[in-house]
>>> print(open('input12.txt').read())   # compact mmCIF, C-alpha atoms
# COMPACT_ATOMS: atom_id res chain seq x y z
CA MET A 225 87.56 94.79 95.43
CA THR A 226 86.82 97.85 93.34
CA THR A 227 89.63 100.35 92.90
CA GLN A 228 89.94 103.75 91.24
CA THR A 229 91.85 102.14 88.40
CA GLU A 230 89.07 99.70 87.50
CA VAL A 231 88.43 99.87 83.77
CA ARG A 232 84.79 100.62 83.09
CA LEU A 233 83.13 99.40 79.89
CA ASN A 234 82.60 102.47 77.68
CA GLU A 235 83.82 104.49 80.70
CA VAL A 236 80.20 104.41 81.89
CA ASP A 237 79.49 104.37 85.65
CA ILE A 238 76.94 101.60 85.21
CA ASP A 239 76.62 101.17 88.99
CA ALA A 240 75.32 104.73 89.26
CA VAL A 241 72.87 104.07 86.43
CA GLY A 242 71.77 100.81 88.08
CA ALA A 243 71.28 102.56 91.42
CA LEU A 244 69.10 105.18 89.72
CA VAL A 245 67.03 102.52 87.97
CA SER A 246 66.50 100.69 91.29
CA ALA A 247 65.63 103.89 93.14
CA VAL A 248 63.05 104.92 90.52
CA ALA A 249 61.64 101.37 90.26
CA GLU A 250 61.11 101.43 94.02
CA ASP A 251 59.75 104.97 94.19
CA PRO A 252 58.50 106.30 90.82
CA GLU A 253 58.36 109.81 92.30
CA LYS A 254 62.18 109.83 92.10
CA GLY A 255 61.87 109.58 88.31
CA GLN A 256 60.14 112.94 88.18
CA THR A 257 62.79 115.50 87.21
CA ASP A 258 62.74 119.23 86.54
CA TRP A 259 65.15 121.10 84.29
CA SER A 260 65.70 124.77 83.72
CA ALA A 261 67.70 127.30 81.73
CA THR A 262 67.89 131.07 81.43
CA VAL A 263 68.46 132.86 78.14
CA THR A 264 69.78 136.42 78.06
CA TRP A 265 69.50 138.55 74.93
CA LYS A 266 72.80 140.21 73.95
CA GLY A 267 71.71 142.51 71.11
CA ALA A 268 70.88 141.76 67.47
CA PHE A 269 70.21 138.00 67.13
CA ARG A 270 72.79 137.09 69.77
CA SER A 271 71.84 135.53 73.06
CA GLU A 272 73.36 133.16 75.56
CA VAL A 273 72.00 130.38 77.69
CA SER A 274 72.94 129.83 81.34
CA ILE A 275 72.47 126.34 82.73
CA ARG A 276 73.34 125.53 86.34
CA ASP A 277 76.86 126.79 87.06
CA PHE A 278 78.26 126.22 83.59
CA ASP A 279 79.67 129.05 81.49
CA PRO A 280 77.01 130.70 79.31
CA ILE A 281 76.77 129.22 75.81
CA PRO A 282 76.37 131.68 72.92
CA SER A 283 73.78 131.60 70.14
CA ASP A 284 73.51 133.67 66.95
CA GLU A 285 72.15 133.50 63.41
CA PRO A 286 74.08 133.31 60.14
CA ALA A 287 74.49 136.56 58.18
CA GLY A 288 72.03 135.30 55.56
CA LEU A 289 69.35 135.35 58.25
CA GLY A 290 70.35 138.79 59.53
CA GLY A 291 72.67 137.61 62.30
CA THR A 292 76.31 138.23 63.09
CA ASP A 293 77.26 134.57 62.75
CA THR A 294 79.21 134.18 65.99
CA ALA A 295 77.69 130.86 67.11
CA PRO A 296 75.38 128.03 66.03
CA ASN A 297 71.73 129.01 65.74
CA PRO A 298 68.77 127.64 67.72
CA VAL A 299 67.61 125.10 65.14
CA GLU A 300 71.14 123.73 64.86
CA GLN A 301 71.21 123.50 68.67
CA VAL A 302 68.12 121.27 68.49
CA LEU A 303 70.03 118.86 66.24
CA GLY A 304 72.92 118.89 68.70
CA ALA A 305 70.63 118.15 71.65
CA LEU A 306 69.12 115.18 69.80
CA GLY A 307 72.51 113.77 68.84
CA ASN A 308 73.89 114.20 72.37
CA CYS A 309 70.80 112.50 73.81
CA LEU A 310 71.16 109.55 71.45
CA ALA A 311 74.86 109.27 72.36
CA VAL A 312 73.90 108.94 76.04
CA GLY A 313 71.30 106.35 75.11
CA TYR A 314 73.79 104.24 73.14
CA ALA A 315 76.44 104.51 75.86
CA ALA A 316 74.01 103.56 78.65
CA ASN A 317 72.25 100.71 76.85
CA ALA A 318 75.40 99.30 75.27
CA THR A 319 77.09 99.19 78.66
CA ALA A 320 74.08 97.53 80.29
CA ALA A 321 74.15 94.91 77.51
CA GLY A 322 77.92 94.37 77.82
CA VAL A 323 78.58 95.81 74.37
CA GLU A 324 81.77 97.79 73.83
CA ILE A 325 81.48 100.93 71.73
CA LYS A 326 84.73 101.54 69.89
CA ASP A 327 83.55 104.68 68.16
CA LEU A 328 80.27 106.51 67.78
CA LYS A 329 79.49 109.41 65.48
CA ILE A 330 76.01 110.72 64.77
CA GLU A 331 75.15 112.85 61.75
CA LEU A 332 71.96 114.86 61.97
CA SER A 333 70.14 116.98 59.45
CA GLY A 334 66.78 118.64 59.10
CA ASP A 335 64.80 120.76 56.67
CA LEU A 336 62.96 123.88 57.67
CA ASN A 337 60.84 126.21 55.57
CA LEU A 338 61.32 129.83 56.61
CA GLU A 339 58.03 131.17 55.24
CA SER A 340 56.17 130.92 58.54
CA PHE A 341 59.07 132.27 60.59
CA LEU A 342 59.30 135.24 58.23
CA GLY A 343 55.57 135.94 58.58
CA LEU A 344 54.82 135.13 54.94
CA LYS A 345 52.52 132.22 55.69
CA PRO A 346 50.73 131.03 58.82
CA GLY A 347 51.34 127.50 60.00
CA HIS A 348 54.18 125.26 61.13
CA ALA A 349 57.43 127.23 61.45
CA GLY A 350 59.44 124.26 62.74
CA TYR A 351 61.41 121.45 61.22
CA GLY A 352 59.63 119.52 58.48
CA GLY A 353 61.57 116.42 59.45
CA LEU A 354 64.86 115.23 60.88
CA SER A 355 67.18 112.55 59.61
CA VAL A 356 69.82 110.88 61.78
CA LYS A 357 72.60 108.55 60.62
CA VAL A 358 74.34 106.66 63.42
CA HIS A 359 77.86 105.39 62.78
CA LEU A 360 78.49 102.86 65.54
CA ASP A 361 81.77 100.94 65.53
CA SER A 362 81.56 97.81 67.68
CA ASP A 363 82.44 94.11 67.52
CA ALA A 364 78.94 93.17 68.67
CA SER A 365 76.74 91.16 66.31
CA ASP A 366 74.33 92.85 63.93
CA GLU A 367 71.51 91.42 66.02
CA GLN A 368 72.89 92.91 69.23
CA LEU A 369 73.36 96.28 67.53
CA ALA A 370 69.84 96.25 66.10
CA ALA A 371 68.44 95.47 69.57
CA LEU A 372 70.57 98.25 71.07
CA HIS A 373 69.41 100.69 68.39
CA ASP A 374 65.72 99.85 69.01
CA LYS A 375 66.15 100.38 72.73
CA VAL A 376 67.82 103.77 72.25
CA VAL A 377 65.30 105.03 69.72
CA ASN A 378 62.37 103.94 71.89
CA SER A 379 63.64 105.66 75.04
CA SER A 380 65.25 108.91 73.91
CA PRO A 381 64.01 111.92 75.91
CA VAL A 382 64.96 114.44 73.23
CA GLY A 383 63.88 112.11 70.39
CA HIS A 384 60.46 111.68 71.98
CA THR A 385 60.21 115.39 72.78
CA LEU A 386 60.62 116.11 69.06
CA GLN A 387 58.46 113.26 67.75
CA ASN A 388 55.52 114.01 70.03
CA PRO A 389 53.59 117.24 70.57
CA VAL A 390 54.78 118.80 73.84
CA PRO A 391 52.68 121.50 75.53
CA VAL A 392 54.67 124.73 75.72
CA SER A 393 53.28 127.71 77.62
CA ILE A 394 55.02 130.98 76.85
CA ASP A 395 54.03 134.04 78.86
CA LEU A 396 55.16 137.62 79.25
CA ALA A 397 56.08 137.87 82.92
CA MET B 270 74.02 157.73 53.37
CA THR B 271 74.53 154.72 55.60
CA THR B 272 77.74 154.60 57.59
CA GLN B 273 79.35 152.03 59.86
CA THR B 274 78.44 154.13 62.87
CA GLU B 275 74.72 154.13 62.14
CA VAL B 276 72.82 153.13 65.28
CA ARG B 277 70.56 150.18 64.58
CA LEU B 278 67.41 149.61 66.62
CA ASN B 279 68.11 146.62 68.86
CA GLU B 280 71.37 146.28 66.90
CA VAL B 281 69.36 144.25 64.38
CA ASP B 282 70.31 144.39 60.69
CA ILE B 283 66.68 144.85 59.69
CA ASP B 284 67.68 145.52 56.07
CA ALA B 285 69.15 142.02 55.84
CA VAL B 286 65.98 140.56 57.35
CA GLY B 287 63.85 142.62 54.95
CA ALA B 288 65.92 141.46 51.98
CA LEU B 289 65.44 137.84 53.06
CA VAL B 290 61.67 138.31 53.44
CA SER B 291 61.48 139.86 49.95
CA ALA B 292 63.62 137.14 48.41
CA VAL B 293 61.50 134.34 49.93
CA ALA B 294 58.23 136.14 49.09
CA GLU B 295 59.36 136.31 45.46
CA ASP B 296 60.74 132.77 45.31
CA PRO B 297 59.42 130.48 48.09
CA GLU B 298 62.10 127.92 47.19
CA LYS B 299 64.59 130.27 48.87
CA GLY B 300 62.76 129.73 52.16
CA GLN B 301 63.64 126.05 52.09
CA THR B 302 66.66 125.62 54.37
CA ASP B 303 68.72 122.65 55.50
CA TRP B 304 70.63 122.40 58.77
CA SER B 305 73.08 119.85 60.03
CA ALA B 306 75.24 118.88 62.99
CA THR B 307 77.62 116.07 63.89
CA VAL B 308 77.84 114.58 67.37
CA THR B 309 80.93 112.66 68.47
CA TRP B 310 80.84 110.40 71.52
CA LYS B 311 83.73 111.06 73.95
CA GLY B 312 83.32 108.20 76.45
CA ALA B 313 80.86 107.74 79.33
CA PHE B 314 77.92 110.13 78.80
CA ARG B 315 80.14 112.82 77.30
CA SER B 316 79.79 113.92 73.69
CA GLU B 317 80.31 117.04 71.66
CA VAL B 318 78.48 118.62 68.79
CA SER B 319 80.19 120.17 65.77
CA ILE B 320 78.23 122.76 63.79
CA ARG B 321 79.74 124.45 60.73
CA ASP B 322 83.19 125.81 61.65
CA PHE B 323 82.41 126.61 65.28
CA ASP B 324 84.31 125.01 68.14
CA PRO B 325 82.70 121.77 69.32
CA ILE B 326 80.23 122.23 72.19
CA PRO B 327 80.37 119.66 75.02
CA SER B 328 77.50 117.71 76.54
CA ASP B 329 77.36 115.49 79.64
CA GLU B 330 74.96 114.24 82.30
CA PRO B 331 74.85 115.13 86.01
CA ALA B 332 76.42 112.62 88.42
CA GLY B 333 72.94 111.64 89.65
CA LEU B 334 72.21 110.32 86.16
CA GLY B 335 75.56 108.51 85.91
CA GLY B 336 77.47 111.26 84.11
CA THR B 337 80.62 113.19 84.90
CA ASP B 338 78.82 116.55 85.05
CA THR B 339 81.16 118.54 82.81
CA ALA B 340 78.48 120.28 80.71
CA PRO B 341 74.72 120.84 80.38
CA ASN B 342 72.76 117.76 79.36
CA PRO B 343 70.70 117.24 76.21
CA VAL B 344 67.31 118.08 77.72
CA GLU B 345 68.72 121.30 79.15
CA GLN B 346 70.10 122.07 75.69
CA VAL B 347 66.55 121.81 74.32
CA LEU B 348 65.44 124.52 76.75
CA GLY B 349 68.37 126.68 75.64
CA ALA B 350 67.52 126.23 71.96
CA LEU B 351 63.93 127.29 72.62
CA GLY B 352 64.95 130.36 74.61
CA ASN B 353 67.52 131.42 72.01
CA CYS B 354 64.94 130.98 69.25
CA LEU B 355 62.41 133.12 71.10
CA ALA B 356 65.07 135.80 71.68
CA VAL B 357 65.67 135.99 67.90
CA GLY B 358 61.92 136.19 67.36
CA TYR B 359 61.52 139.07 69.81
CA ALA B 360 64.53 140.95 68.41
CA ALA B 361 63.39 140.55 64.79
CA ASN B 362 59.71 141.35 65.32
CA ALA B 363 60.33 144.18 67.78
CA THR B 364 62.72 145.82 65.34
CA ALA B 365 60.30 145.44 62.43
CA ALA B 366 57.61 147.08 64.61
CA GLY B 367 59.92 149.91 65.72
CA VAL B 368 59.94 148.70 69.33
CA GLU B 369 63.11 149.11 71.35
CA ILE B 370 64.08 146.22 73.61
CA LYS B 371 65.93 147.52 76.65
CA ASP B 372 66.43 144.14 78.21
CA LEU B 373 65.22 140.62 77.54
CA LYS B 374 65.61 137.58 79.74
CA ILE B 375 63.81 134.30 79.22
CA GLU B 376 63.38 131.67 81.95
CA LEU B 377 62.59 128.16 80.79
CA SER B 378 61.69 125.03 82.67
CA GLY B 379 60.33 121.60 81.93
CA ASP B 380 59.39 118.39 83.68
CA LEU B 381 60.49 115.00 82.53
CA ASN B 382 59.69 111.58 83.94
CA LEU B 383 62.71 109.25 83.72
CA GLU B 384 60.79 105.96 83.88
CA SER B 385 60.68 105.48 80.10
CA PHE B 386 64.28 106.58 79.58
CA LEU B 387 65.36 104.09 82.25
CA GLY B 388 63.43 101.29 80.57
CA LEU B 389 61.00 100.89 83.48
CA LYS B 390 57.92 101.77 81.47
CA PRO B 391 57.18 102.02 77.75
CA GLY B 392 55.83 105.30 76.41
CA HIS B 393 56.79 108.95 76.16
CA ALA B 394 60.34 109.51 77.42
CA GLY B 395 60.34 113.23 76.58
CA TYR B 396 59.30 116.41 78.32
CA GLY B 397 55.83 116.37 79.84
CA GLY B 398 55.56 120.09 79.26
CA LEU B 399 57.59 123.27 79.07
CA SER B 400 56.99 126.59 80.74
CA VAL B 401 58.56 129.84 79.56
CA LYS B 402 58.53 133.19 81.35
CA VAL B 403 59.61 136.14 79.21
CA HIS B 404 60.94 139.23 80.97
CA LEU B 405 60.84 141.97 78.34
CA ASP B 406 61.84 145.48 79.36
CA SER B 407 60.58 148.06 76.87
CA ASP B 408 58.80 151.40 76.81
CA ALA B 409 56.29 150.09 74.26
CA SER B 410 52.63 149.91 75.25
CA ASP B 411 51.14 146.74 76.71
CA GLU B 412 49.16 146.38 73.49
CA GLN B 413 52.28 146.58 71.35
CA LEU B 414 54.04 144.06 73.57
CA ALA B 415 51.09 141.67 73.49
CA ALA B 416 51.01 141.90 69.68
CA LEU B 417 54.78 141.32 69.54
CA HIS B 418 54.48 138.34 71.88
CA ASP B 419 51.72 136.76 69.76
CA LYS B 420 53.79 137.17 66.63
CA VAL B 421 56.85 135.57 68.21
CA VAL B 422 54.97 132.64 69.72
CA ASN B 423 53.15 131.97 66.45
CA SER B 424 56.30 131.92 64.32
CA SER B 425 59.00 130.28 66.46
CA PRO B 426 60.82 127.49 64.60
CA VAL B 427 62.00 125.76 67.78
CA GLY B 428 58.70 126.45 69.59
CA HIS B 429 56.75 124.85 66.75
CA THR B 430 59.22 121.98 66.47
CA LEU B 431 58.48 121.15 70.11
CA GLN B 432 54.73 121.79 70.03
CA ASN B 433 54.12 119.70 66.92
CA PRO B 434 55.06 116.10 66.16
CA VAL B 435 58.11 116.12 63.88
CA PRO B 436 59.04 112.98 61.91
CA VAL B 437 62.48 111.79 62.99
CA SER B 438 64.16 108.91 61.14
CA ILE B 439 67.09 107.39 63.01
CA ASP B 440 69.12 104.71 61.23
CA LEU B 441 72.28 102.75 61.86
CA ALA B 442 74.50 103.68 58.90
>>> encode(input="input12.txt", output="structure tokens")
Amino acid sequence: MTTQTEVRLNEVDIDAVGALVSAVAEDPEKGQTDWSATVTWKGAFRSEVSIRDFDPIPSDEPAGLGGTDTAPNPVEQVLGALGNCLAVGYAANATAAGVEIKDLKIELSGDLNLESFLGLKPGHAGYGGLSVKVHLDSDASDEQLAALHDKVVNSSPVGHTLQNPVPVSIDLA
Amino acid sequence: MTTQTEVRLNEVDIDAVGALVSAVAEDPEKGQTDWSATVTWKGAFRSEVSIRDFDPIPSDEPAGLGGTDTAPNPVEQVLGALGNCLAVGYAANATAAGVEIKDLKIELSGDLNLESFLGLKPGHAGYGGLSVKVHLDSDASDEQLAALHDKVVNSSPVGHTLQNPVPVSIDLA
């Protein structure tokens, strides 16, 4: 009998994940999801993003880029989104494979040339490339961890969003 | 003489932006920037991202995806990063063009098929596409706003990061 005090591997509700997998396997339409966010400009380079009912999250630019340096900037937020997505991927896939994660820390970095953003040069204004180092502490074998890693990297929504060209339509309403 | 009480158009420190543009125009090496973030897993699908000295920002998944629903999820964070980046672009370019922004709100949405994330199908696990509606309140002419919009869209670091394939290397440390 399952009780509230049952200890879950990696604290993950793997039954909920399994139920979702079954539901989508049975009816692929249920795998089609929509996400949204609203950004409100707050003056200077400050803005905040509202997502569902959560408190707005602030954004700013460092002083060196003309901001008031009150919050991480948008390109740093991209790194955070990627790291958070990978963390979910490791937690989900490790739990499904019966692997305990003792600790997981993900270091992300990226290089970006400002010339296009500053209007000095046409062309790609985005990240040149991203580098991610995953520090995963687990008693699982190297083979298990390599298999886990491959699974995560090959199924990361944010990872794939960054690695592939995604159509973005931006219109003045 | 400049004083602390000087009213800045759109509150933007356009002198700082101008100084950066001049510095990078003179020495393109100065346009080469590096960004970083560290994500720490907190159990289940919760994690948090640490950027510079700012307080860690939490991430989670909705209950329907097996999470504990305590914060926006990574794919929502991507939408936020894009909207925040566009807000900076509008503020910077409007100010440079002498255009006052009275109000700016940006609505973002995207569709994502979970089949690849859930391991049901190989292939693209990321956003299928993103749609952005920009609500810009200004007394500038439609022509000025269209020119501003083009400039922002063609120079957005996060926009270009999403629209173009970016190399991402992810390694177990």
>>> closest_residue(input="input12.txt", among="B:Leu383, B:Val281, B:Ala313, B:Ala365", to="Asp251 of chain A", atoms="all atoms listed in the file")
B:Leu383
>>> residues_around(input="input12.txt", residues="segment 344-357 of chain A", least_positions_apart="2", cutoff="9 Å", atoms="all atoms listed in the file", output="ChimeraX atom specification")
/A:299,303,307,329-342,359 /B:290,293-294,423-431,433,435-442
>>> atom_distance(input="input12.txt", atom1="atom CA of Leu328 of chain A", atom2="atom CA of Asp237 of chain A")
18.0 Å
>>> residues_around(input="input12.txt", residues="Ala321 of chain A", least_positions_apart="5", cutoff="12 Å", atoms="only C-alpha atoms", output="VMD selection string")
chain A and resid 233 to 234 238 314 to 316 364 368 to 369 371 to 373 375
>>> atom_distance(input="input12.txt", atom1="atom CA of Asp361 of chain A", atom2="atom CA of Asp327 of chain A")
4.9 Å
>>> calpha_fit_and_write(input="input12.txt", fixed="chain B", moving="chain A", output="tab-separated table (two decimals) with C-alpha atoms, in the coordinates of the input")
chain	number	residue	atom	x	y	z
A	225	MET	CA	73.62	158.18	53.55
A	226	THR	CA	74.22	155.07	55.61
A	227	THR	CA	77.51	154.86	57.47
A	228	GLN	CA	79.20	152.21	59.60
A	229	THR	CA	78.37	154.22	62.69
A	230	GLU	CA	74.61	154.22	62.07
A	231	VAL	CA	72.83	153.14	65.23
A	232	ARG	CA	70.58	150.19	64.53
A	233	LEU	CA	67.44	149.61	66.61
A	234	ASN	CA	68.14	146.61	68.87
A	235	GLU	CA	71.41	146.27	66.90
A	236	VAL	CA	69.39	144.23	64.39
A	237	ASP	CA	70.35	144.37	60.69
A	238	ILE	CA	66.73	144.83	59.68
A	239	ASP	CA	67.72	145.51	56.06
A	240	ALA	CA	69.18	142.01	55.83
A	241	VAL	CA	66.01	140.56	57.35
A	242	GLY	CA	63.87	142.61	54.94
A	243	ALA	CA	65.94	141.45	51.97
A	244	LEU	CA	65.45	137.83	53.05
A	245	VAL	CA	61.70	138.31	53.44
A	246	SER	CA	61.50	139.87	49.94
A	247	ALA	CA	63.64	137.14	48.39
A	248	VAL	CA	61.52	134.35	49.92
A	249	ALA	CA	58.24	136.15	49.08
A	250	GLU	CA	59.40	136.32	45.47
A	251	ASP	CA	60.76	132.78	45.30
A	252	PRO	CA	59.44	130.49	48.07
A	253	GLU	CA	62.12	127.93	47.18
A	254	LYS	CA	64.63	130.28	48.86
A	255	GLY	CA	62.78	129.73	52.15
A	256	GLN	CA	63.67	126.05	52.08
A	257	THR	CA	66.68	125.61	54.38
A	258	ASP	CA	68.72	122.63	55.51
A	259	TRP	CA	70.63	122.38	58.78
A	260	SER	CA	73.08	119.83	60.05
A	261	ALA	CA	75.23	118.85	63.01
A	262	THR	CA	77.61	116.04	63.91
A	263	VAL	CA	77.82	114.55	67.39
A	264	THR	CA	80.91	112.64	68.50
A	265	TRP	CA	80.83	110.38	71.54
A	266	LYS	CA	83.72	111.03	73.97
A	267	GLY	CA	83.31	108.17	76.46
A	268	ALA	CA	80.86	107.70	79.33
A	269	PHE	CA	77.92	110.11	78.83
A	270	ARG	CA	80.12	112.81	77.30
A	271	SER	CA	79.79	113.88	73.71
A	272	GLU	CA	80.31	117.02	71.69
A	273	VAL	CA	78.48	118.60	68.81
A	274	SER	CA	80.20	120.14	65.78
A	275	ILE	CA	78.24	122.72	63.82
A	276	ARG	CA	79.73	124.42	60.77
A	277	ASP	CA	83.18	125.76	61.67
A	278	PHE	CA	82.41	126.57	65.29
A	279	ASP	CA	84.31	124.98	68.16
A	280	PRO	CA	82.69	121.73	69.35
A	281	ILE	CA	80.24	122.20	72.22
A	282	PRO	CA	80.38	119.65	75.05
A	283	SER	CA	77.49	117.68	76.55
A	284	ASP	CA	77.36	115.46	79.65
A	285	GLU	CA	74.95	114.23	82.31
A	286	PRO	CA	74.85	115.10	86.00
A	287	ALA	CA	76.40	112.59	88.42
A	288	GLY	CA	72.92	111.63	89.66
A	289	LEU	CA	72.20	110.30	86.17
A	290	GLY	CA	75.53	108.48	85.90
A	291	GLY	CA	77.44	111.24	84.12
A	292	THR	CA	80.59	113.16	84.92
A	293	ASP	CA	78.81	116.51	85.06
A	294	THR	CA	81.14	118.50	82.82
A	295	ALA	CA	78.48	120.26	80.72
A	296	PRO	CA	74.73	120.82	80.38
A	297	ASN	CA	72.77	117.74	79.36
A	298	PRO	CA	70.69	117.22	76.21
A	299	VAL	CA	67.30	118.06	77.73
A	300	GLU	CA	68.72	121.28	79.16
A	301	GLN	CA	70.11	122.06	75.69
A	302	VAL	CA	66.56	121.80	74.32
A	303	LEU	CA	65.46	124.52	76.75
A	304	GLY	CA	68.39	126.66	75.65
A	305	ALA	CA	67.53	126.23	71.97
A	306	LEU	CA	63.93	127.28	72.62
A	307	GLY	CA	64.96	130.35	74.61
A	308	ASN	CA	67.54	131.40	72.01
A	309	CYS	CA	64.95	130.97	69.24
A	310	LEU	CA	62.43	133.11	71.09
A	311	ALA	CA	65.10	135.78	71.67
A	312	VAL	CA	65.69	135.96	67.91
A	313	GLY	CA	61.95	136.18	67.35
A	314	TYR	CA	61.53	139.07	69.81
A	315	ALA	CA	64.55	140.92	68.41
A	316	ALA	CA	63.41	140.53	64.79
A	317	ASN	CA	59.74	141.35	65.32
A	318	ALA	CA	60.36	144.17	67.78
A	319	THR	CA	62.76	145.81	65.34
A	320	ALA	CA	60.32	145.43	62.44
A	321	ALA	CA	57.64	147.08	64.61
A	322	GLY	CA	59.97	149.90	65.72
A	323	VAL	CA	59.96	148.71	69.32
A	324	GLU	CA	63.14	149.11	71.35
A	325	ILE	CA	64.09	146.22	73.61
A	326	LYS	CA	65.95	147.52	76.64
A	327	ASP	CA	66.44	144.12	78.21
A	328	LEU	CA	65.23	140.61	77.54
A	329	LYS	CA	65.62	137.57	79.76
A	330	ILE	CA	63.82	134.28	79.23
A	331	GLU	CA	63.39	131.67	81.95
A	332	LEU	CA	62.58	128.17	80.80
A	333	SER	CA	61.70	125.03	82.69
A	334	GLY	CA	60.33	121.61	81.94
A	335	ASP	CA	59.38	118.39	83.69
A	336	LEU	CA	60.48	114.99	82.52
A	337	ASN	CA	59.69	111.58	83.94
A	338	LEU	CA	62.69	109.26	83.71
A	339	GLU	CA	60.77	105.97	83.87
A	340	SER	CA	60.65	105.48	80.11
A	341	PHE	CA	64.26	106.56	79.57
A	342	LEU	CA	65.35	104.09	82.25
A	343	GLY	CA	63.41	101.26	80.57
A	344	LEU	CA	60.97	100.88	83.47
A	345	LYS	CA	57.89	101.78	81.46
A	346	PRO	CA	57.17	102.02	77.74
A	347	GLY	CA	55.83	105.28	76.39
A	348	HIS	CA	56.78	108.94	76.14
A	349	ALA	CA	60.33	109.51	77.41
A	350	GLY	CA	60.33	113.24	76.59
A	351	TYR	CA	59.30	116.40	78.33
A	352	GLY	CA	55.82	116.36	79.84
A	353	GLY	CA	55.57	120.09	79.26
A	354	LEU	CA	57.60	123.27	79.07
A	355	SER	CA	56.99	126.59	80.74
A	356	VAL	CA	58.57	129.84	79.55
A	357	LYS	CA	58.53	133.20	81.35
A	358	VAL	CA	59.62	136.15	79.21
A	359	HIS	CA	60.94	139.23	80.98
A	360	LEU	CA	60.86	141.96	78.35
A	361	ASP	CA	61.87	145.49	79.36
A	362	SER	CA	60.61	148.07	76.86
A	363	ASP	CA	58.82	151.43	76.81
A	364	ALA	CA	56.32	150.12	74.26
A	365	SER	CA	52.66	149.94	75.24
A	366	ASP	CA	51.16	146.79	76.71
A	367	GLU	CA	49.18	146.42	73.50
A	368	GLN	CA	52.30	146.61	71.34
A	369	LEU	CA	54.06	144.08	73.57
A	370	ALA	CA	51.11	141.69	73.49
A	371	ALA	CA	51.04	141.91	69.67
A	372	LEU	CA	54.80	141.34	69.55
A	373	HIS	CA	54.50	138.35	71.89
A	374	ASP	CA	51.73	136.77	69.76
A	375	LYS	CA	53.81	137.18	66.63
A	376	VAL	CA	56.87	135.56	68.21
A	377	VAL	CA	54.97	132.65	69.71
A	378	ASN	CA	53.16	131.96	66.44
A	379	SER	CA	56.32	131.90	64.32
A	380	SER	CA	59.00	130.26	66.46
A	381	PRO	CA	60.84	127.47	64.60
A	382	VAL	CA	62.01	125.74	67.77
A	383	GLY	CA	58.71	126.44	69.59
A	384	HIS	CA	56.75	124.85	66.74
A	385	THR	CA	59.22	121.97	66.46
A	386	LEU	CA	58.49	121.14	70.11
A	387	GLN	CA	54.74	121.77	70.04
A	388	ASN	CA	54.12	119.69	66.93
A	389	PRO	CA	55.05	116.09	66.16
A	390	VAL	CA	58.11	116.11	63.88
A	391	PRO	CA	59.05	112.98	61.92
A	392	VAL	CA	62.49	111.78	63.00
A	393	SER	CA	64.16	108.90	61.17
A	394	ILE	CA	67.08	107.38	63.03
A	395	ASP	CA	69.12	104.71	61.26
A	396	LEU	CA	72.27	102.73	61.88
A	397	ALA	CA	74.49	103.65	58.94
>>> atom_distance(input="input12.txt", atom1="atom CA of Leu351 of chain B", atom2="atom CA of Trp265 of chain A")
12.8 Å
>>> closest_residue(input="input12.txt", among="A:Val376, A:Ile275, A:Asp239, A:Phe269", to="Ala287 of chain A", atoms="all atoms listed in the file")
A:Phe269
>>> residues_near_point(input="input12.txt", point="(73.9, 117.5, 70.8)", cutoff="8 Å", atoms="all atoms listed in the file", output="list in words")
Gln301, Val302, Leu303, Gly304, Ala305, Leu306, Gly307, Asn308 and Cys309 of chain A; Thr307, Val308, Ser316, Glu317, Val318, Ser328, Pro343 and Gln346 of chain B
>>> axis_aligned_box(input="input12.txt", around="segment 361-372 of chain B", padding_each_side="5 Å", output="lines of an AutoDock Vina configuration file")
center_x = 62.0
center_y = 145.2
center_z = 70.3
size_x = 18.8
size_y = 19.4
size_z = 25.8
>>> closest_residue(input="input12.txt", among="B:Val357, B:Ile326, B:Ala288, B:Val368", to="chain A", atoms="all atoms listed in the file")
B:Val357
>>> build_atoms(input="input12.txt", residues="segment 305-313 of chain A", atoms="N, CA and C atoms", output="compact mmCIF listing (two decimals), keeping the file's coordinate frame")
# COMPACT_ATOMS: atom_id res chain seq x y z
N ALA A 305 71.26 118.74 70.46
CA ALA A 305 70.63 118.15 71.65
C ALA A 305 70.16 116.73 71.35
N LEU A 306 69.59 116.53 70.17
CA LEU A 306 69.12 115.18 69.80
C LEU A 306 70.30 114.22 69.68
N GLY A 307 71.35 114.66 69.01
CA GLY A 307 72.51 113.77 68.84
C GLY A 307 73.17 113.44 70.17
N ASN A 308 73.29 114.43 71.04
CA ASN A 308 73.89 114.20 72.37
C ASN A 308 73.02 113.23 73.18
N CYS A 309 71.72 113.38 73.07
CA CYS A 309 70.80 112.50 73.81
C CYS A 309 70.93 111.07 73.31
N LEU A 310 71.00 110.90 71.99
CA LEU A 310 71.16 109.55 71.45
C LEU A 310 72.49 108.94 71.87
N ALA A 311 73.54 109.77 71.94
CA ALA A 311 74.86 109.27 72.36
C ALA A 311 74.79 108.72 73.79
N VAL A 312 74.09 109.44 74.67
CA VAL A 312 73.90 108.94 76.04
C VAL A 312 73.14 107.62 76.02
N GLY A 313 72.11 107.56 75.20
CA GLY A 313 71.30 106.35 75.11
C GLY A 313 72.11 105.15 74.64
